[in-house]
file target.cif (mmCIF, C-alpha atoms)
data_structure
loop_
_atom_site.group_PDB
_atom_site.id
_atom_site.type_symbol
_atom_site.label_atom_id
_atom_site.label_comp_id
_atom_site.auth_asym_id
_atom_site.auth_seq_id
_atom_site.Cartn_x
_atom_site.Cartn_y
_atom_site.Cartn_z
ATOM 1 C CA ALA A 239 14.986 72.147 -58.619
ATOM 2 C CA ARG A 240 14.815 74.651 -55.830
ATOM 3 C CA PHE A 241 13.619 73.735 -52.323
ATOM 4 C CA ASN A 242 10.417 75.588 -51.433
ATOM 5 C CA PRO A 243 9.885 75.617 -47.626
ATOM 6 C CA ALA A 244 6.433 77.143 -47.859
ATOM 7 C CA ALA A 245 5.239 74.443 -50.205
ATOM 8 C CA ASN A 246 6.641 71.659 -48.075
ATOM 9 C CA LEU A 247 4.998 72.962 -44.903
ATOM 10 C CA LYS A 248 1.555 73.240 -46.416
ATOM 11 C CA PRO A 249 -1.062 70.761 -45.076
ATOM 12 C CA GLY A 250 -1.101 67.633 -47.169
ATOM 13 C CA SER A 251 2.473 68.020 -48.388
ATOM 14 C CA ALA A 252 4.811 65.021 -48.201
ATOM 15 C CA ALA A 253 6.897 66.648 -45.481
ATOM 16 C CA THR A 254 3.970 67.324 -43.147
ATOM 17 C CA GLN A 255 2.676 63.815 -43.751
ATOM 18 C CA VAL A 256 6.027 62.366 -42.694
ATOM 19 C CA ILE A 257 6.146 64.593 -39.593
ATOM 20 C CA GLY A 258 2.559 63.701 -38.625
ATOM 21 C CA SER A 259 3.182 60.009 -39.137
ATOM 22 C CA SER A 260 6.333 60.156 -37.033
ATOM 23 C CA THR A 261 4.545 62.005 -34.208
ATOM 24 C CA LEU A 262 1.675 59.509 -34.194
ATOM 25 C CA ARG A 263 4.125 56.643 -34.174
ATOM 26 C CA ASN A 264 5.991 58.121 -31.205
ATOM 27 C CA VAL A 265 2.735 58.659 -29.290
ATOM 28 C CA LEU A 266 1.651 55.067 -29.927
ATOM 29 C CA VAL A 267 5.031 53.753 -28.744
ATOM 30 C CA VAL A 268 4.772 55.772 -25.522
ATOM 31 C CA VAL A 269 1.185 54.588 -24.903
ATOM 32 C CA GLN A 270 2.121 50.980 -25.597
ATOM 33 C CA PHE A 271 5.130 51.233 -23.303
ATOM 34 C CA SER A 272 3.005 52.787 -20.517
ATOM 35 C CA ILE A 273 0.391 50.019 -20.830
ATOM 36 C CA SER A 274 3.128 47.379 -20.700
ATOM 37 C CA ILE A 275 4.590 48.905 -17.532
ATOM 38 C CA GLY A 276 1.116 49.090 -15.961
ATOM 39 C CA LEU A 277 0.404 45.430 -16.776
ATOM 40 C CA LEU A 278 3.798 44.401 -15.390
ATOM 41 C CA ILE A 279 3.110 46.240 -12.124
ATOM 42 C CA ALA A 280 -0.351 44.642 -11.903
ATOM 43 C CA VAL A 281 1.106 41.159 -12.434
ATOM 44 C CA CYS A 282 3.715 41.774 -9.722
ATOM 45 C CA LEU A 283 1.045 42.986 -7.266
ATOM 46 C CA ILE A 284 -1.209 40.002 -7.995
ATOM 47 C CA SER A 285 1.740 37.641 -7.568
ATOM 48 C CA GLN A 286 2.592 39.236 -4.221
ATOM 49 C CA GLN A 287 -1.026 38.944 -3.055
ATOM 50 C CA ILE A 288 -1.177 35.276 -4.037
ATOM 51 C CA SER A 289 2.119 34.582 -2.269
ATOM 52 C CA PHE A 290 0.888 36.453 0.810
ATOM 53 C CA THR A 291 -2.371 34.507 0.878
ATOM 54 C CA ARG A 292 -0.651 31.158 0.459
ATOM 55 C CA GLY A 293 2.066 31.891 2.989
ATOM 56 C CA LYS A 294 -0.015 33.728 5.579
ATOM 57 C CA ASP A 295 -0.116 32.028 8.968
ATOM 58 C CA LEU A 296 -3.834 31.883 9.735
ATOM 59 C CA GLY A 297 -3.273 30.563 13.249
ATOM 60 C CA PHE A 298 -4.940 27.259 12.402
ATOM 61 C CA ASN A 299 -4.528 24.437 9.905
ATOM 62 C CA LYS A 300 -7.011 24.799 7.038
ATOM 63 C CA GLU A 301 -5.657 21.890 5.020
ATOM 64 C CA ASN A 302 -7.866 18.810 4.549
ATOM 65 C CA MET A 303 -10.775 20.442 6.389
ATOM 66 C CA LEU A 304 -14.347 19.866 5.283
ATOM 67 C CA THR A 305 -17.355 21.724 6.683
ATOM 68 C CA ILE A 306 -20.851 20.338 6.148
ATOM 69 C CA PRO A 307 -24.248 21.379 7.551
ATOM 70 C CA ILE A 308 -26.003 18.900 9.812
ATOM 71 C CA GLY A 309 -29.309 20.762 9.983
ATOM 72 C CA ASP A 310 -30.119 20.187 13.636
ATOM 73 C CA LYS A 311 -28.236 19.239 16.797
ATOM 74 C CA SER A 312 -30.473 16.169 17.173
ATOM 75 C CA ARG A 313 -28.522 14.623 14.283
ATOM 76 C CA ILE A 314 -25.180 14.872 16.071
ATOM 77 C CA PRO A 315 -25.282 11.324 17.546
ATOM 78 C CA ALA A 316 -25.988 9.824 14.111
ATOM 79 C CA PHE A 317 -23.253 11.933 12.464
ATOM 80 C CA THR A 318 -20.821 10.963 15.207
ATOM 81 C CA ALA A 319 -21.520 7.261 14.717
ATOM 82 C CA VAL A 320 -20.995 7.500 10.953
ATOM 83 C CA LEU A 321 -17.825 9.617 11.166
ATOM 84 C CA ASN A 322 -16.281 7.237 13.720
ATOM 85 C CA GLN A 323 -16.644 4.447 11.180
ATOM 86 C CA ILE A 324 -14.739 6.254 8.414
ATOM 87 C CA PRO A 325 -10.994 5.538 8.687
ATOM 88 C CA GLN A 326 -10.089 8.606 6.623
ATOM 89 C CA VAL A 327 -11.669 10.939 9.203
ATOM 90 C CA LYS A 328 -8.898 12.126 11.507
ATOM 91 C CA GLN A 329 -10.884 14.507 13.727
ATOM 92 C CA PHE A 330 -14.218 16.282 13.776
ATOM 93 C CA SER A 331 -16.045 18.954 15.705
ATOM 94 C CA PHE A 332 -19.588 20.325 15.880
ATOM 95 C CA GLY A 333 -20.429 23.995 16.168
ATOM 96 C CA ALA A 334 -22.626 26.884 15.117
ATOM 97 C CA ALA A 335 -22.839 27.689 11.421
ATOM 98 C CA ASN A 336 -21.847 31.352 11.907
ATOM 99 C CA TYR A 337 -19.640 33.315 14.236
ATOM 100 C CA GLY A 338 -21.406 35.536 16.704
ATOM 101 C CA GLY A 339 -20.513 38.760 18.425
ATOM 102 C CA GLY A 340 -20.419 39.926 21.997
ATOM 103 C CA MET A 341 -18.803 42.238 24.506
ATOM 104 C CA ALA A 342 -16.379 41.547 27.321
ATOM 105 C CA SER A 343 -15.271 43.547 30.327
ATOM 106 C CA LEU A 344 -13.521 43.093 33.655
ATOM 107 C CA THR A 345 -16.422 44.914 35.314
ATOM 108 C CA ASP A 346 -19.840 44.870 33.638
ATOM 109 C CA GLY A 347 -21.821 45.931 30.581
ATOM 110 C CA ASN A 348 -21.648 49.586 31.600
ATOM 111 C CA ASP A 349 -17.885 49.650 31.200
ATOM 112 C CA PRO A 350 -17.089 52.262 28.494
ATOM 113 C CA HIS A 351 -13.925 50.284 27.665
ATOM 114 C CA ARG A 352 -15.660 46.964 27.094
ATOM 115 C CA VAL A 353 -14.176 44.863 24.298
ATOM 116 C CA LEU A 354 -16.087 43.863 21.174
ATOM 117 C CA THR A 355 -15.482 40.161 20.545
ATOM 118 C CA THR A 356 -16.028 37.363 18.055
ATOM 119 C CA THR A 357 -17.790 34.382 19.618
ATOM 120 C CA ILE A 358 -17.358 30.822 18.380
ATOM 121 C CA LEU A 359 -19.927 28.339 19.661
ATOM 122 C CA ALA A 360 -18.313 24.923 19.309
ATOM 123 C CA ASP A 361 -17.682 21.689 21.167
ATOM 124 C CA ASP A 362 -14.577 20.524 23.010
ATOM 125 C CA GLN A 363 -12.984 19.163 19.803
ATOM 126 C CA TYR A 364 -12.890 22.490 17.948
ATOM 127 C CA GLY A 365 -9.378 23.456 19.086
ATOM 128 C CA PRO A 366 -7.751 20.094 18.316
ATOM 129 C CA ALA A 367 -9.644 19.721 15.016
ATOM 130 C CA TYR A 368 -8.427 23.078 13.706
ATOM 131 C CA GLU A 369 -5.050 22.571 15.381
ATOM 132 C CA LEU A 370 -5.182 25.829 17.319
ATOM 133 C CA ARG A 371 -1.960 26.485 19.212
ATOM 134 C CA LEU A 372 -2.542 26.257 22.958
ATOM 135 C CA LEU A 373 -0.308 28.728 24.802
ATOM 136 C CA ALA A 374 -1.536 28.264 28.370
ATOM 137 C CA GLY A 375 -4.187 26.331 30.276
ATOM 138 C CA ARG A 376 -6.193 23.646 28.509
ATOM 139 C CA PHE A 377 -8.732 23.015 25.779
ATOM 140 C CA PRO A 378 -12.402 22.626 26.800
ATOM 141 C CA ILE A 379 -13.719 19.246 27.942
ATOM 142 C CA PRO A 380 -17.320 17.969 27.693
ATOM 143 C CA SER A 381 -18.064 18.592 31.373
ATOM 144 C CA ASP A 382 -17.408 22.316 30.885
ATOM 145 C CA THR A 383 -20.980 22.553 29.585
ATOM 146 C CA ASN A 384 -22.233 21.974 33.140
ATOM 147 C CA TYR A 385 -22.568 25.729 33.516
ATOM 148 C CA VAL A 386 -25.702 25.640 31.350
ATOM 149 C CA SER A 387 -27.915 24.012 33.988
ATOM 150 C CA PRO A 388 -26.766 26.186 36.935
ATOM 151 C CA LEU A 389 -27.264 29.312 34.851
ATOM 152 C CA ALA A 390 -30.765 28.228 33.968
ATOM 153 C CA SER A 391 -31.546 27.653 37.632
ATOM 154 C CA GLY A 392 -30.149 31.036 38.574
ATOM 155 C CA THR A 393 -27.172 29.885 40.644
ATOM 156 C CA GLY A 394 -24.844 32.011 38.521
ATOM 157 C CA ASP A 395 -22.124 29.493 37.723
ATOM 158 C CA VAL A 396 -19.274 30.606 35.450
ATOM 159 C CA MET A 397 -19.106 29.536 31.807
ATOM 160 C CA LYS A 398 -15.687 28.235 30.859
ATOM 161 C CA VAL A 399 -14.147 29.786 27.763
ATOM 162 C CA LEU A 400 -11.075 29.540 25.583
ATOM 163 C CA VAL A 401 -9.718 32.945 24.514
ATOM 164 C CA ASN A 402 -7.154 34.100 21.995
ATOM 165 C CA GLU A 403 -4.166 36.265 22.893
ATOM 166 C CA LYS A 404 -5.801 39.358 21.450
ATOM 167 C CA LEU A 405 -8.719 39.122 23.887
ATOM 168 C CA ARG A 406 -6.392 38.334 26.783
ATOM 169 C CA LYS A 407 -4.385 41.480 26.054
ATOM 170 C CA ASP A 408 -7.455 43.666 25.499
ATOM 171 C CA LEU A 409 -8.839 42.579 28.864
ATOM 172 C CA GLY A 410 -5.596 43.715 30.471
ATOM 173 C CA PHE A 411 -4.109 40.444 31.742
ATOM 174 C CA GLU A 412 -0.333 40.748 31.707
ATOM 175 C CA SER A 413 0.423 37.223 30.512
ATOM 176 C CA ASN A 414 -1.259 34.069 29.234
ATOM 177 C CA GLU A 415 -0.479 32.238 32.452
ATOM 178 C CA VAL A 416 -1.878 35.004 34.637
ATOM 179 C CA ALA A 417 -5.148 34.963 32.662
ATOM 180 C CA ILE A 418 -5.880 31.307 33.453
ATOM 181 C CA GLY A 419 -8.675 31.023 36.015
ATOM 182 C CA LYS A 420 -9.563 34.716 35.826
ATOM 183 C CA HIS A 421 -13.188 35.794 35.388
ATOM 184 C CA PHE A 422 -14.696 38.563 33.283
ATOM 185 C CA TRP A 423 -18.151 39.813 32.372
ATOM 186 C CA TYR A 424 -19.480 38.626 29.040
ATOM 187 C CA SER A 425 -22.613 39.784 27.244
ATOM 188 C CA MET A 426 -23.799 36.286 26.386
ATOM 189 C CA GLY A 427 -26.638 36.122 28.886
ATOM 190 C CA SER A 428 -24.795 38.742 30.972
ATOM 191 C CA HIS A 429 -22.925 36.042 32.875
ATOM 192 C CA LYS A 430 -19.409 35.649 34.159
ATOM 193 C CA ALA A 431 -16.908 33.794 32.010
ATOM 194 C CA GLY A 432 -13.851 31.985 33.304
ATOM 195 C CA ILE A 433 -10.708 31.563 31.205
ATOM 196 C CA ILE A 434 -9.548 27.939 31.009
ATOM 197 C CA GLY A 435 -7.078 28.371 28.172
ATOM 198 C CA VAL A 436 -5.350 30.850 25.867
ATOM 199 C CA VAL A 437 -4.603 30.085 22.219
ATOM 200 C CA SER A 438 -2.503 31.881 19.664
ATOM 201 C CA ASP A 439 -4.337 34.467 17.557
ATOM 202 C CA PHE A 440 -6.097 33.060 14.508
ATOM 203 C CA ASN A 441 -8.094 34.561 11.657
ATOM 204 C CA THR A 442 -11.871 34.345 11.825
ATOM 205 C CA HIS A 443 -12.619 36.801 9.017
ATOM 206 C CA SER A 444 -11.142 38.050 5.755
ATOM 207 C CA LEU A 445 -7.413 38.739 5.689
ATOM 208 C CA HIS A 446 -8.341 42.359 4.963
ATOM 209 C CA ARG A 447 -9.376 42.605 8.633
ATOM 210 C CA LEU A 448 -7.162 42.476 11.694
ATOM 211 C CA VAL A 449 -7.417 39.552 14.092
ATOM 212 C CA THR A 450 -10.320 40.177 16.476
ATOM 213 C CA PRO A 451 -10.602 39.388 20.199
ATOM 214 C CA THR A 452 -12.123 35.922 20.116
ATOM 215 C CA LEU A 453 -13.498 33.393 22.557
ATOM 216 C CA ILE A 454 -14.713 29.827 22.138
ATOM 217 C CA VAL A 455 -17.486 28.479 24.344
ATOM 218 C CA GLN A 456 -19.514 25.296 24.277
ATOM 219 C CA SER A 457 -23.227 25.721 23.629
ATOM 220 C CA PRO A 458 -24.727 22.527 22.110
ATOM 221 C CA THR A 459 -28.116 24.118 21.445
ATOM 222 C CA PHE A 460 -26.649 26.075 18.512
ATOM 223 C CA TYR A 461 -24.619 23.362 16.780
ATOM 224 C CA LYS A 462 -25.622 23.165 13.115
ATOM 225 C CA GLU A 463 -22.518 22.104 11.219
ATOM 226 C CA ALA A 464 -19.653 19.632 11.376
ATOM 227 C CA SER A 465 -16.000 20.487 10.746
ATOM 228 C CA ILE A 466 -14.156 17.380 9.611
ATOM 229 C CA ARG A 467 -10.395 16.897 9.256
ATOM 230 C CA LEU A 468 -9.439 14.193 6.767
ATOM 231 C CA GLU A 469 -6.227 12.285 6.548
ATOM 232 C CA ALA A 470 -3.906 13.841 3.964
ATOM 233 C CA SER A 471 -4.132 12.319 0.462
ATOM 234 C CA SER A 472 -7.032 10.095 1.462
ATOM 235 C CA ASP A 473 -10.055 9.077 -0.585
ATOM 236 C CA ILE A 474 -13.464 8.590 0.974
ATOM 237 C CA PRO A 475 -15.517 5.837 -0.707
#

call {"tool": "encode", "arguments": {"input": "target.cif", "output": "structure tokens"}}
result
Amino acid sequence: ARFNPAANLKPGSAATQVIGSSTLRNVLVVVQFSISIGLLIAVCLISQQISFTRGKDLGFNKENMLTIPIGDKSRIPAFTAVLNQIPQVKQFSFGAANYGGGMASLTDGNDPHRVLTTTILADDQYGPAYELRLLAGRFPIPSDTNYVSPLASGTGDVMKVLVNEKLRKDLGFESNEVAIGKHFWYSMGSHKAGIIGVVSDFNTHSLHRLVTPTLIVQSPTFYKEASIRLEASSDIP
């Protein structure tokens, strides 16, 4: 039998069917390989993100922390009495349910270079409860809330605040130690704030955002939740 090229190249011939099948098979192999590579890259990226999230230093200790609403500051004495009776409770703090915002400046509110800040309204136990790292100065104490009454009477006392390193730097103080005792204008009531301590930077928002200039000030009127640190591996009856 003689080989007829024209006949073998006609559509539907055995030869063209073999060629078409081979081409389709090669295309499917390439597509499958590309999908496999894409899935492998995705798995690697997800693994890296999980490792980053788990290993990221947040600037505070989030382990064994429980946050519960208390509804109203009038319930704080009752909550305090109950929490003090639970052996598994290591530390607790009361504060506002949400972070606020504000502006800070070494001059006044008209300063074009004023710093946008995150404000945490919390009691004197907030720093120790979250194990913030104190770099200079001290943590707040209950008597630091004395500024509330003088401000209300118009004497213009200074509210005492704890700031993070980011805010200290943005305000222009050359070191943590130099910042202690310094005053700056703050938009909360347009009053002067005095720095009593500087803590290491810590995250207050999503890890997708950079650490923000942050200050912590006591303001009992706004306390609506309790942050409770439990002893590790403890069970509460």

call {"tool": "closest_atom_pairs", "arguments": {"input": "target.cif", "of": "stretch 308-368 of chain A", "to": "stretch 424-443 of chain A", "cutoff": "6 Å", "atoms": "all atoms listed in the file", "output": "JSON lines"}}
result
{"residue": "A:Gly340", "atom": "CA", "partner": "A:Ser425", "partner_atom": "CA", "distance": 5.7}
{"residue": "A:Met341", "atom": "CA", "partner": "A:Ser425", "partner_atom": "CA", "distance": 5.3}
{"residue": "A:Ala342", "atom": "CA", "partner": "A:Tyr424", "partner_atom": "CA", "distance": 4.6}

call {"tool": "atom_distance", "arguments": {"input": "target.cif", "atom1": "atom CA of A:Pro451", "atom2": "atom CA of A:Leu409"}}
result
9.4 Å

call {"tool": "atom_distance", "arguments": {"input": "target.cif", "atom1": "atom CA of A:Phe460", "atom2": "atom CA of A:Ile358"}}
result
10.4 Å

call {"tool": "axis_aligned_box", "arguments": {"input": "target.cif", "around": "stretch 360-374 of chain A", "padding_each_side": "8 Å", "output": "lines of an AutoDock Vina configuration file"}}
result
center_x = -9.3
center_y = 23.9
center_z = 21.0
size_x = 34.0
size_y = 25.6
size_z = 30.7

call {"tool": "resolve_selection", "arguments": {"input": "target.cif", "expression": "the PyMOL selection byres ((chain A and resi 406) around 10)", "output": "ChimeraX atom specification"}}
result
/A:401-405,407-414,416-418,433,436-437,451-453

call {"tool": "resolve_selection", "arguments": {"input": "target.cif", "expression": "the PyMOL selection byres ((chain A and resi 345) around 10)", "output": "list in words"}}
result
Ala342, Ser343, Leu344, Asp346, Gly347, Asn348, Asp349, His351, Arg352, His421, Phe422, Trp423, Tyr424 and Lys430 of chain A

call {"tool": "write_last_selection", "arguments": {"input": "target.cif", "atoms": "C-alpha atoms", "output": "PDB file, in the frame of the given file"}}
result
ATOM      1  CA  ALA A 342     -16.379  41.547  27.321  1.00  0.00           C
ATOM      2  CA  SER A 343     -15.271  43.547  30.327  1.00  0.00           C
ATOM      3  CA  LEU A 344     -13.521  43.093  33.655  1.00  0.00           C
ATOM      4  CA  ASP A 346     -19.840  44.870  33.638  1.00  0.00           C
ATOM      5  CA  GLY A 347     -21.821  45.931  30.581  1.00  0.00           C
ATOM      6  CA  ASN A 348     -21.648  49.586  31.600  1.00  0.00           C
ATOM      7  CA  ASP A 349     -17.885  49.650  31.200  1.00  0.00           C
ATOM      8  CA  HIS A 351     -13.925  50.284  27.665  1.00  0.00           C
ATOM      9  CA  ARG A 352     -15.660  46.964  27.094  1.00  0.00           C
ATOM     10  CA  HIS A 421     -13.188  35.794  35.388  1.00  0.00           C
ATOM     11  CA  PHE A 422     -14.696  38.563  33.283  1.00  0.00           C
ATOM     12  CA  TRP A 423     -18.151  39.813  32.372  1.00  0.00           C
ATOM     13  CA  TYR A 424     -19.480  38.626  29.040  1.00  0.00           C
ATOM     14  CA  LYS A 430     -19.409  35.649  34.159  1.00  0.00           C
TER      15      LYS A 430
END

call {"tool": "closest_atom_pairs", "arguments": {"input": "target.cif", "of": "stretch 354-427 of chain A", "to": "stretch 302-310 of chain A", "cutoff": "12 Å", "atoms": "only C-alpha atoms", "output": "JSON lines"}}
result
{"residue": "A:Tyr364", "atom": "CA", "partner": "A:Met303", "partner_atom": "CA", "distance": 11.9}
{"residue": "A:Ala367", "atom": "CA", "partner": "A:Met303", "partner_atom": "CA", "distance": 8.7}
{"residue": "A:Tyr368", "atom": "CA", "partner": "A:Met303", "partner_atom": "CA", "distance": 8.1}
{"residue": "A:Glu369", "atom": "CA", "partner": "A:Met303", "partner_atom": "CA", "distance": 10.9}

call {"tool": "write_last_selection", "arguments": {"input": "target.cif", "atoms": "C-alpha atoms", "output": "mmCIF file, keeping the file's coordinate frame"}}
result
data_model
loop_
_atom_site.group_PDB
_atom_site.id
_atom_site.type_symbol
_atom_site.label_atom_id
_atom_site.label_comp_id
_atom_site.auth_asym_id
_atom_site.auth_seq_id
_atom_site.Cartn_x
_atom_site.Cartn_y
_atom_site.Cartn_z
ATOM 1 C CA TYR A 364 -12.890 22.490 17.948
ATOM 2 C CA ALA A 367 -9.644 19.721 15.016
ATOM 3 C CA TYR A 368 -8.427 23.078 13.706
ATOM 4 C CA GLU A 369 -5.050 22.571 15.381
#

call {"tool": "residues_near_point", "arguments": {"input": "target.cif", "point": "(-21.4, 25.6, 17.9)", "cutoff": "12 Å", "atoms": "all atoms listed in the file", "output": "number ranges by chain"}}
result
A: 307-308, 310-311, 314, 331-338, 357-364, 454-465

call {"tool": "closest_residue", "arguments": {"input": "target.cif", "among": "A:Lys300, A:Gly419, A:Ile275, A:Leu448", "to": "A:Ala374", "atoms": "only C-alpha atoms"}}
result
A:Gly419

call {"tool": "atom_distance", "arguments": {"input": "target.cif", "atom1": "atom CA of A:Ser471", "atom2": "atom CA of A:Phe330"}}
result
17.2 Å

call {"tool": "closest_residue", "arguments": {"input": "target.cif", "among": "A:Thr356, A:Gln326, A:Glu415, A:Asp395", "to": "A:Arg376", "atoms": "only C-alpha atoms"}}
result
A:Glu415

call {"tool": "decode", "arguments": {"input": "target.cif", "residues": "stretch 445-463 of chain A", "atoms": "N, CA, C and O atoms", "output": "tab-separated table (two decimals), in the first residue's frame"}}
result
chain	number	residue	atom	x	y	z
A	445	LEU	N	-2.55	44.71	61.66
A	445	LEU	CA	-1.14	44.65	61.31
A	445	LEU	C	-0.88	45.21	59.92
A	445	LEU	O	0.27	45.42	59.53
A	446	HIS	N	-1.94	45.46	59.16
A	446	HIS	CA	-1.78	46.09	57.85
A	446	HIS	C	-1.42	47.58	58.00
A	446	HIS	O	-0.97	48.20	57.04
A	447	ARG	N	-1.63	48.12	59.20
A	447	ARG	CA	-1.34	49.54	59.44
A	447	ARG	C	-0.08	49.68	60.27
A	447	ARG	O	0.25	48.81	61.10
A	448	LEU	N	0.63	50.77	60.06
A	448	LEU	CA	1.81	51.06	60.86
A	448	LEU	C	1.40	51.45	62.27
A	448	LEU	O	0.26	51.85	62.53
A	449	VAL	N	2.33	51.31	63.20
A	449	VAL	CA	2.08	51.73	64.58
A	449	VAL	C	1.80	53.23	64.60
A	449	VAL	O	2.52	54.02	63.97
A	450	THR	N	0.77	53.64	65.31
A	450	THR	CA	0.38	55.05	65.35
A	450	THR	C	0.89	55.72	66.63
A	450	THR	O	1.11	55.05	67.64
A	451	PRO	N	1.09	57.04	66.60
A	451	PRO	CA	1.40	57.77	67.83
A	451	PRO	C	0.25	57.56	68.82
A	451	PRO	O	-0.91	57.81	68.48
A	452	THR	N	0.56	57.09	70.00
A	452	THR	CA	-0.49	56.69	70.94
A	452	THR	C	-0.22	57.24	72.33
A	452	THR	O	0.93	57.31	72.77
A	453	LEU	N	-1.30	57.62	72.99
A	453	LEU	CA	-1.18	58.01	74.40
A	453	LEU	C	-2.27	57.35	75.22
A	453	LEU	O	-3.35	57.04	74.71
A	454	ILE	N	-1.97	57.12	76.48
A	454	ILE	CA	-2.92	56.51	77.42
A	454	ILE	C	-3.18	57.51	78.53
A	454	ILE	O	-2.24	58.05	79.13
A	455	VAL	N	-4.46	57.77	78.78
A	455	VAL	CA	-4.83	58.72	79.83
A	455	VAL	C	-6.01	58.17	80.61
A	455	VAL	O	-6.87	57.49	80.05
A	456	GLN	N	-6.03	58.45	81.90
A	456	GLN	CA	-7.13	57.99	82.72
A	456	GLN	C	-8.33	58.94	82.58
A	456	GLN	O	-8.17	60.15	82.65
A	457	SER	N	-9.50	58.34	82.38
A	457	SER	CA	-10.73	59.11	82.29
A	457	SER	C	-11.89	58.20	82.67
A	457	SER	O	-12.57	57.64	81.81
A	458	PRO	N	-12.13	58.00	83.97
A	458	PRO	CA	-13.09	57.01	84.47
A	458	PRO	C	-14.51	57.14	83.90
A	458	PRO	O	-15.23	56.14	83.84
A	459	THR	N	-14.89	58.33	83.50
A	459	THR	CA	-16.25	58.53	82.98
A	459	THR	C	-16.54	57.62	81.80
A	459	THR	O	-17.70	57.22	81.58
A	460	PHE	N	-15.52	57.25	81.02
A	460	PHE	CA	-15.73	56.52	79.77
A	460	PHE	C	-15.46	55.02	79.89
A	460	PHE	O	-15.53	54.31	78.89
A	461	TYR	N	-15.19	54.52	81.07
A	461	TYR	CA	-14.86	53.10	81.20
A	461	TYR	C	-16.11	52.24	81.01
A	461	TYR	O	-17.09	52.38	81.73
A	462	LYS	N	-16.02	51.32	80.01
A	462	LYS	CA	-17.17	50.47	79.70
A	462	LYS	C	-16.81	49.00	79.49
A	462	LYS	O	-17.65	48.19	79.15
A	463	GLU	N	-15.54	48.65	79.68
A	463	GLU	CA	-15.16	47.26	79.53
A	463	GLU	C	-14.00	46.92	80.46
A	463	GLU	O	-13.27	47.80	80.92
